[in-house]
Structures are given as C-alpha cells and as structure tokens.
Amino acid sequence: MSFVFPPPAPPAVAIVGRTERFPVHRIYCVGRNYAAHAREMGKDPEREAPFFFTKPADAVAPSGAQLPFPSRTSDLHHEIELVVAIGTGGANIGISQALSHVYGYAVGLDLTRRDLQAEAKDKGRPWDTAKGFDRSAPIGAITPASEVQLAGSKIWLKVNGAVRQQGQLADMIWSVPEIIAELSTLFELAPGDLIYTGTPPGVAAIQSNDRLEGGVDGLEPLIVTLI
Ligand code: MN
C-alpha cells in the first residue's frame with residue numbers, strides 16, 4: 001500500500017519485561033467510577049451510573065516524560081487511574097468472560113482541563129477539548145495480566161512527594177469485568193484498546209514544574225513532570 005505521506009508510527013506503550021511494545025488502537029475512559037470522586041464533582045453516585053468518553057490513541061505519553069503544560073487552561077487536574085489493556089477483542093462480552101480479553105494492566109493519568117470541562121458541562125457541549133488533548137493520557141509500562149494479582153490493591157498519586165489521591169481498586173463502582181462487558185455493548189473492542197477505569201477522590205490542580213508519581217500496588221509506577 002502506498003500513502004500520500006508516510007503514516008505516523010502507531011502509538012505504543014512499554015511492556016514490563018519485554019522489548020515488544022503494546023500498540024494502542026483506541027482509548028476509552030470511564031467517568032465517575034469511584035463514589036467519593038463523583039461526590040467531589042458534585043454528583044450523586046446513587047443516582048447516576050458511570051459512563052464513557054474517549055481520548056485519541058496518540059494522547060499516550062510514557063513514564064519519565066516531561067510534559068509541556070497544555071494550552072488554553074489555567075486549571076489542569078490530575079486523575080490517577082488503573083488502565084486495562086485489551087488483548088483480545090469482541091462485542092457483547094459477558095462479565096464471566098471479560099478478564100480473558102485483558103492483556104495487562106498499567107497506571108495511567110487522565111489529565112483534564114477542568115476549566116474547559118466545566119464550560120462544556122455548563123453549555124451541554126462535548127468534553128473533547130477538556131479530556132482529549134495532546135499528551136492527556138500518560139501511562140506507565142503494562143504488566144501482563146498473568147503476572148499480577150490486583151485484588152486488594154491500593155491506587156495513589158503523589159505530587160512533589162505529597163499524597164494527593166488515594167483509594168482502593170475495590171471501591172470502583174463498575175469492576176473491571178463489568179466495565180469490559182458494558183463497553184463491549186457500545187463498541188466492538190479490539191486488541192490494542194486501552195480503558196482508563198476512573199479516578200479515586202482527591203483530584204486537584206497541577207502547575208509547571210510539578211512532579212507526579214502515581215501507583216497501583218503490583219504495577220510499575222508512572223512518573224511524569226510538567227514543564
Ligand atoms: Mn478520569
């Protein structure tokens with residue numbers, strides 16, 4: 001096949017213990033999947049189920065990256081999240097089969113221009129400019145699912161060494177199998193899809209020169225610096 005200009009290299013994520021990389025197909029995100037975060041955003045988790053939005057595949061940025069402070073925001077927020085990397089696709093996946101579609105897990109950040117998101121909510125507009133900007137989806141190396149046991153894991157984020165976000169994966173409203181089952185009724189999942197599974201409470205603004213270190217017990221940490 002020939003192209004009018006060279007196609008860009010596929011976005012890709014490092015894999016723990018392997019030289020091969022995980023090629024990113026699409027990025028899905030779950031909104032308000034921890035009750036305490038839904039409440040801090042002024043929502044009642046008893047009345048509204050979690051939901052999905054997306055980011056471009058090339059929004060990924062690796063651990064160790066120095067991220068330019070994004071344009072058009074004065075309220076950039078961190079959201080630390082468990083990321084599920086899909087290895088086997090499918091539509092209408094059952095909850096009991098869902099984990100067999102997972103290649104592995106990683107720590108990710110759903111960076112958010114909170115001021116643009118607030119304006120979008122206010123005007124009933126899409127979230128793309130708030131959520132899907134360049135380098136808005138930093139992600140650490142993926143650990144293959146067979147090599148990690150996440151039951152009981154904590155999730156946390158430190159900014160300049162101080163703990164900002166803390167939670168338990170067990171506090172997710174939709175579990176990983178439930179997320180995969182639900183998402184696969186809306187989209188046929190494909191190998192290379194990433195799912196950011198929502199953030200625990202404690203989201204707040206970050207500034208240039210801040211160093212963010214996020215973790216989930218059992219996974220490689222994610223470290224990025226804003227410049
Ligand atoms: Mn999020």
# chains A, B, ... in the order shown; residues from 1 in each chain; ligands from 1

$ select_by_dssp --residues "range 4-201 of chain A" --states "helix (DSSP H, G or I)" --output "PyMOL selection string"
chain A and resi 35-40+57-59+95-101+114-123+128-131+145-147+169-171+176-186

$ residues_around --residues "Ala38 in chain A" --least-positions-apart "5" --cutoff "12 Å" --atoms "only C-alpha atoms" --output "list in words"
Val30, Gly31, Arg32, Asn33, Lys43, Asp44, Pro45, Glu46, Arg47, Glu48, Ala49, Pro50, Phe51, Met172, Ile173, Gly198, Thr199, Pro200, Pro201, Gly202 and Val203 of chain A

$ closest_residue --among "A:Lys131, A:Lys154, A:Lys121, A:Arg211" --to "ligand 1" --atoms "only C-alpha atoms and all ligand atoms"
A:Lys131

$ closest_residue --among "A:Leu189, A:Ala36, A:Leu109, A:Leu183" --to "Ile95 in chain A" --atoms "only C-alpha atoms"
A:Leu183

$ select_by_dssp --residues "range 166-213 of chain A" --states "strand (DSSP E or B)" --output "ChimeraX atom specification"
/A:166-168,172,189,194-196,205,211-213

$ atom_distance --atom1 "CA of Leu111 in chain A" --atom2 "CA of Val24 in chain A"
17.8 Å

$ closest_atom_pairs --of "range 162-196 of chain A" --to "range 71-88 of chain A" --cutoff "10 Å" --atoms "only C-alpha atoms" --output "Markdown table"
| residue | atom | partner | partner_atom | distance |
| --- | --- | --- | --- | --- |
| A:Arg164 | CA | A:His78 | CA | 9.2 |
| A:Gln165 | CA | A:Ile80 | CA | 7.4 |
| A:Gln166 | CA | A:Ile80 | CA | 9.0 |
| A:Gly167 | CA | A:Ile80 | CA | 9.9 |
| A:Leu169 | CA | A:Leu82 | CA | 8.0 |
| A:Val176 | CA | A:Val84 | CA | 7.8 |
| A:Ile179 | CA | A:Val84 | CA | 9.8 |
| A:Ile180 | CA | A:Val84 | CA | 9.1 |
| A:Leu189 | CA | A:Ile86 | CA | 7.8 |
| A:Ala190 | CA | A:Thr88 | CA | 6.3 |
| A:Pro191 | CA | A:Gly87 | CA | 4.5 |
| A:Gly192 | CA | A:Ile86 | CA | 5.7 |
| A:Asp193 | CA | A:Ile86 | CA | 5.2 |
| A:Leu194 | CA | A:Ala85 | CA | 4.7 |
| A:Ile195 | CA | A:Val84 | CA | 5.0 |
| A:Tyr196 | CA | A:Val83 | CA | 4.5 |

$ write_last_selection --atoms "N, CA and C atoms" --output "compact mmCIF listing (two decimals), in the first residue's frame"
# COMPACT_ATOMS: atom_id res chain seq x y z
N ARG A 164 -1.74 13.09 47.09
CA ARG A 164 -2.92 13.88 46.68
C ARG A 164 -4.16 12.99 46.53
N GLN A 165 -3.97 11.81 45.96
CA GLN A 165 -5.11 10.91 45.73
C GLN A 165 -4.78 9.55 46.32
N GLN A 166 -5.79 8.93 46.91
CA GLN A 166 -5.63 7.62 47.50
C GLN A 166 -6.95 6.88 47.41
N GLY A 167 -6.91 5.62 47.07
CA GLY A 167 -8.13 4.84 47.02
C GLY A 167 -7.80 3.36 46.92
N LEU A 169 -8.78 -0.14 44.58
CA LEU A 169 -9.45 -0.59 43.36
C LEU A 169 -10.81 -1.21 43.69
N VAL A 176 -13.61 -4.15 36.86
CA VAL A 176 -13.01 -4.31 35.52
C VAL A 176 -13.87 -5.22 34.63
N ILE A 179 -16.88 -3.22 33.51
CA ILE A 179 -16.54 -2.17 32.54
C ILE A 179 -16.40 -2.77 31.14
N ILE A 180 -15.66 -3.88 31.04
CA ILE A 180 -15.43 -4.51 29.73
C ILE A 180 -16.76 -4.98 29.13
N LEU A 189 -14.85 -4.22 20.93
CA LEU A 189 -13.49 -3.98 21.42
C LEU A 189 -12.49 -4.69 20.51
N ALA A 190 -11.29 -4.12 20.46
CA ALA A 190 -10.25 -4.64 19.58
C ALA A 190 -8.93 -4.72 20.34
N PRO A 191 -8.03 -5.62 19.92
CA PRO A 191 -6.70 -5.65 20.54
C PRO A 191 -6.06 -4.28 20.42
N GLY A 192 -5.45 -3.82 21.51
CA GLY A 192 -4.83 -2.50 21.50
C GLY A 192 -5.68 -1.43 22.14
N ASP A 193 -6.92 -1.73 22.45
CA ASP A 193 -7.74 -0.75 23.16
C ASP A 193 -7.26 -0.61 24.60
N LEU A 194 -7.23 0.63 25.08
CA LEU A 194 -6.93 0.92 26.48
C LEU A 194 -8.20 1.46 27.14
N ILE A 195 -8.41 1.05 28.39
CA ILE A 195 -9.56 1.57 29.14
C ILE A 195 -9.05 2.18 30.44
N TYR A 196 -9.20 3.49 30.57
CA TYR A 196 -8.89 4.19 31.83
C TYR A 196 -10.13 4.07 32.70

$ atom_distance --atom1 "CA of Pro144 in chain A" --atom2 "CA of Val216 in chain A"
14.1 Å

$ closest_residue --among "A:Gly215, A:Gly152, A:Gly132, A:Gly140" --to "ligand 1" --atoms "only C-alpha atoms and all ligand atoms"
A:Gly132

$ closest_residue --among "A:Phe69, A:Trp127, A:Phe22, A:Tyr103" --to "ligand 1" --atoms "only C-alpha atoms and all ligand atoms"
A:Trp127

$ closest_residue --among "A:Ala120, A:Ile155, A:Ala9, A:Ala130" --to "Gly214 in chain A" --atoms "only C-alpha atoms"
A:Ile155

$ closest_residue --among "A:Asn209, A:Ser146, A:Ser63, A:Ser175" --to "Ala14 in chain A" --atoms "only C-alpha atoms"
A:Ser63

$ atom_distance --atom1 "CA of Thr129 in chain A" --atom2 "CA of Gly89 in chain A"
28.0 Å

$ residues_around --residues "Val148 in chain A" --least-positions-apart "3" --cutoff "8 Å" --atoms "only C-alpha atoms" --output "list in words"
Thr143, Pro144, Ala145, Gly218 and Leu219 of chain A

$ residues_around --residues "Val159 in chain A" --least-positions-apart "6" --cutoff "8 Å" --atoms "only C-alpha atoms" --output "JSON list (two decimals) with all heavy atoms, in the first residue's frame"
[["chain", "number", "residue", "atom", "x", "y", "z"],
["A", 210, "ASP", "N", 5.70, 20.69, 38.44],
["A", 210, "ASP", "CA", 5.23, 19.65, 39.36],
["A", 210, "ASP", "C", 5.68, 18.28, 38.86],
["A", 210, "ASP", "O", 5.66, 18.00, 37.66],
["A", 210, "ASP", "CB", 3.70, 19.66, 39.48],
["A", 210, "ASP", "CG", 3.19, 20.76, 40.39],
["A", 210, "ASP", "OD1", 4.00, 21.37, 41.11],
["A", 210, "ASP", "OD2", 1.97, 21.00, 40.38],
["A", 211, "ARG", "N", 6.05, 17.42, 39.83],
["A", 211, "ARG", "CA", 6.43, 16.03, 39.52],
["A", 211, "ARG", "C", 5.32, 15.13, 40.05],
["A", 211, "ARG", "O", 5.00, 15.16, 41.25],
["A", 211, "ARG", "CB", 7.75, 15.69, 40.20],
["A", 211, "ARG", "CG", 8.23, 14.26, 39.94],
["A", 211, "ARG", "CD", 9.56, 14.04, 40.67],
["A", 211, "ARG", "NE", 10.16, 12.76, 40.35],
["A", 211, "ARG", "CZ", 9.91, 11.63, 40.99],
["A", 211, "ARG", "NH1", 9.04, 11.60, 41.99],
["A", 211, "ARG", "NH2", 10.54, 10.52, 40.63],
["A", 212, "LEU", "N", 4.74, 14.34, 39.18],
["A", 212, "LEU", "CA", 3.64, 13.45, 39.54],
["A", 212, "LEU", "C", 4.14, 12.01, 39.56],
["A", 212, "LEU", "O", 4.78, 11.56, 38.60],
["A", 212, "LEU", "CB", 2.49, 13.57, 38.53],
["A", 212, "LEU", "CG", 1.60, 14.81, 38.60],
["A", 212, "LEU", "CD1", 2.36, 16.06, 38.20],
["A", 212, "LEU", "CD2", 0.37, 14.64, 37.73],
["A", 213, "GLU", "N", 3.87, 11.31, 40.65],
["A", 213, "GLU", "CA", 4.21, 9.89, 40.75],
["A", 213, "GLU", "C", 2.97, 9.13, 41.19],
["A", 213, "GLU", "O", 2.44, 9.38, 42.27],
["A", 213, "GLU", "CB", 5.34, 9.68, 41.77],
["A", 213, "GLU", "CG", 5.71, 8.21, 41.89],
["A", 213, "GLU", "CD", 6.86, 7.96, 42.86],
["A", 213, "GLU", "OE1", 7.35, 8.93, 43.47],
["A", 213, "GLU", "OE2", 7.23, 6.78, 43.02]]

$ decode --residues "range 6-50 of chain A" --atoms "N, CA and C atoms" --output "short mmCIF file (atom, residue, chain, number, x, y, z; two decimals), in the first residue's frame"
data_model
loop_
_atom_site.label_atom_id
_atom_site.label_comp_id
_atom_site.auth_asym_id
_atom_site.auth_seq_id
_atom_site.Cartn_x
_atom_site.Cartn_y
_atom_site.Cartn_z
N PRO A 6 4.23 9.60 4.61
CA PRO A 6 4.46 8.43 5.48
C PRO A 6 3.49 8.44 6.66
N PRO A 7 2.76 7.33 6.89
CA PRO A 7 1.84 7.30 8.03
C PRO A 7 2.62 7.36 9.33
N PRO A 8 2.04 8.00 10.36
CA PRO A 8 2.75 8.08 11.64
C PRO A 8 2.91 6.69 12.25
N ALA A 9 3.97 6.52 13.04
CA ALA A 9 4.14 5.26 13.76
C ALA A 9 2.96 5.09 14.72
N PRO A 10 2.49 3.85 14.92
CA PRO A 10 1.36 3.67 15.84
C PRO A 10 1.77 4.06 17.25
N PRO A 11 0.86 4.74 18.00
CA PRO A 11 1.15 5.00 19.40
C PRO A 11 1.35 3.67 20.11
N ALA A 12 2.26 3.61 21.07
CA ALA A 12 2.58 2.33 21.70
C ALA A 12 3.00 2.56 23.14
N VAL A 13 2.86 1.49 23.95
CA VAL A 13 3.16 1.55 25.38
C VAL A 13 4.16 0.44 25.71
N ALA A 14 5.12 0.74 26.57
CA ALA A 14 6.11 -0.26 27.01
C ALA A 14 5.42 -1.38 27.79
N ILE A 15 6.03 -2.56 27.74
CA ILE A 15 5.53 -3.73 28.48
C ILE A 15 6.64 -4.20 29.42
N VAL A 16 6.30 -4.44 30.67
CA VAL A 16 7.28 -4.86 31.66
C VAL A 16 7.91 -6.19 31.21
N GLY A 17 9.24 -6.23 31.15
CA GLY A 17 9.95 -7.47 30.86
C GLY A 17 10.00 -7.86 29.41
N ARG A 18 9.56 -7.00 28.50
CA ARG A 18 9.58 -7.33 27.08
C ARG A 18 10.13 -6.16 26.29
N THR A 19 10.75 -6.45 25.16
CA THR A 19 11.19 -5.36 24.28
C THR A 19 10.05 -4.95 23.34
N GLU A 20 9.13 -5.90 23.04
CA GLU A 20 7.99 -5.54 22.19
C GLU A 20 7.09 -4.56 22.92
N ARG A 21 6.41 -3.72 22.15
CA ARG A 21 5.52 -2.74 22.76
C ARG A 21 4.07 -3.06 22.46
N PHE A 22 3.18 -2.47 23.23
CA PHE A 22 1.73 -2.66 23.08
C PHE A 22 1.22 -1.57 22.14
N PRO A 23 0.72 -1.93 20.94
CA PRO A 23 0.24 -0.91 20.00
C PRO A 23 -1.15 -0.43 20.42
N VAL A 24 -1.31 0.87 20.53
CA VAL A 24 -2.58 1.42 21.01
C VAL A 24 -3.55 1.61 19.85
N HIS A 25 -4.74 1.05 20.01
CA HIS A 25 -5.78 1.18 18.99
C HIS A 25 -6.72 2.34 19.31
N ARG A 26 -7.34 2.30 20.49
CA ARG A 26 -8.24 3.39 20.92
C ARG A 26 -8.11 3.56 22.43
N ILE A 27 -8.54 4.70 22.92
CA ILE A 27 -8.53 4.96 24.37
C ILE A 27 -9.95 5.29 24.82
N TYR A 28 -10.46 4.43 25.70
CA TYR A 28 -11.75 4.68 26.34
C TYR A 28 -11.50 5.05 27.80
N CYS A 29 -12.38 5.86 28.36
CA CYS A 29 -12.26 6.28 29.76
C CYS A 29 -13.62 6.14 30.43
N VAL A 30 -13.60 5.77 31.71
CA VAL A 30 -14.82 5.69 32.50
C VAL A 30 -14.91 6.94 33.36
N GLY A 31 -16.06 7.59 33.34
CA GLY A 31 -16.29 8.76 34.18
C GLY A 31 -17.00 8.39 35.47
N ARG A 32 -16.56 9.00 36.56
CA ARG A 32 -17.22 8.86 37.88
C ARG A 32 -17.41 7.40 38.29
N ASN A 33 -16.28 6.67 38.36
CA ASN A 33 -16.36 5.25 38.72
C ASN A 33 -15.99 4.99 40.18
N TYR A 34 -15.69 6.07 40.92
CA TYR A 34 -15.50 5.94 42.37
C TYR A 34 -16.50 6.91 43.01
N ALA A 35 -17.30 6.41 43.96
CA ALA A 35 -18.37 7.23 44.54
C ALA A 35 -17.82 8.51 45.15
N ALA A 36 -16.67 8.42 45.84
CA ALA A 36 -16.14 9.60 46.53
C ALA A 36 -15.70 10.67 45.53
N HIS A 37 -15.23 10.25 44.36
CA HIS A 37 -14.87 11.23 43.33
C HIS A 37 -16.13 11.84 42.71
N ALA A 38 -17.15 11.01 42.47
CA ALA A 38 -18.40 11.55 41.93
C ALA A 38 -18.94 12.64 42.86
N ARG A 39 -18.85 12.38 44.18
CA ARG A 39 -19.35 13.37 45.15
C ARG A 39 -18.52 14.64 45.12
N GLU A 40 -17.18 14.50 45.00
CA GLU A 40 -16.36 15.73 44.99
C GLU A 40 -16.61 16.55 43.74
N MET A 41 -17.16 15.89 42.68
CA MET A 41 -17.53 16.64 41.47
C MET A 41 -18.98 17.12 41.53
N GLY A 42 -19.62 16.97 42.71
CA GLY A 42 -20.97 17.48 42.89
C GLY A 42 -22.06 16.57 42.37
N LYS A 43 -21.74 15.28 42.18
CA LYS A 43 -22.72 14.34 41.64
C LYS A 43 -23.08 13.29 42.69
N ASP A 44 -24.27 12.70 42.52
CA ASP A 44 -24.74 11.67 43.45
C ASP A 44 -24.56 10.30 42.77
N PRO A 45 -23.57 9.51 43.23
CA PRO A 45 -23.31 8.22 42.58
C PRO A 45 -24.47 7.24 42.70
N GLU A 46 -25.39 7.51 43.64
CA GLU A 46 -26.56 6.62 43.76
C GLU A 46 -27.56 6.86 42.63
N ARG A 47 -27.49 8.03 42.02
CA ARG A 47 -28.49 8.41 41.02
C ARG A 47 -28.00 8.30 39.60
N GLU A 48 -26.66 8.31 39.41
CA GLU A 48 -26.11 8.32 38.06
C GLU A 48 -25.03 7.26 37.94
N ALA A 49 -25.19 6.35 36.99
CA ALA A 49 -24.19 5.31 36.77
C ALA A 49 -22.96 5.92 36.11
N PRO A 50 -21.79 5.25 36.21
CA PRO A 50 -20.62 5.69 35.43
C PRO A 50 -20.95 5.71 33.94
#
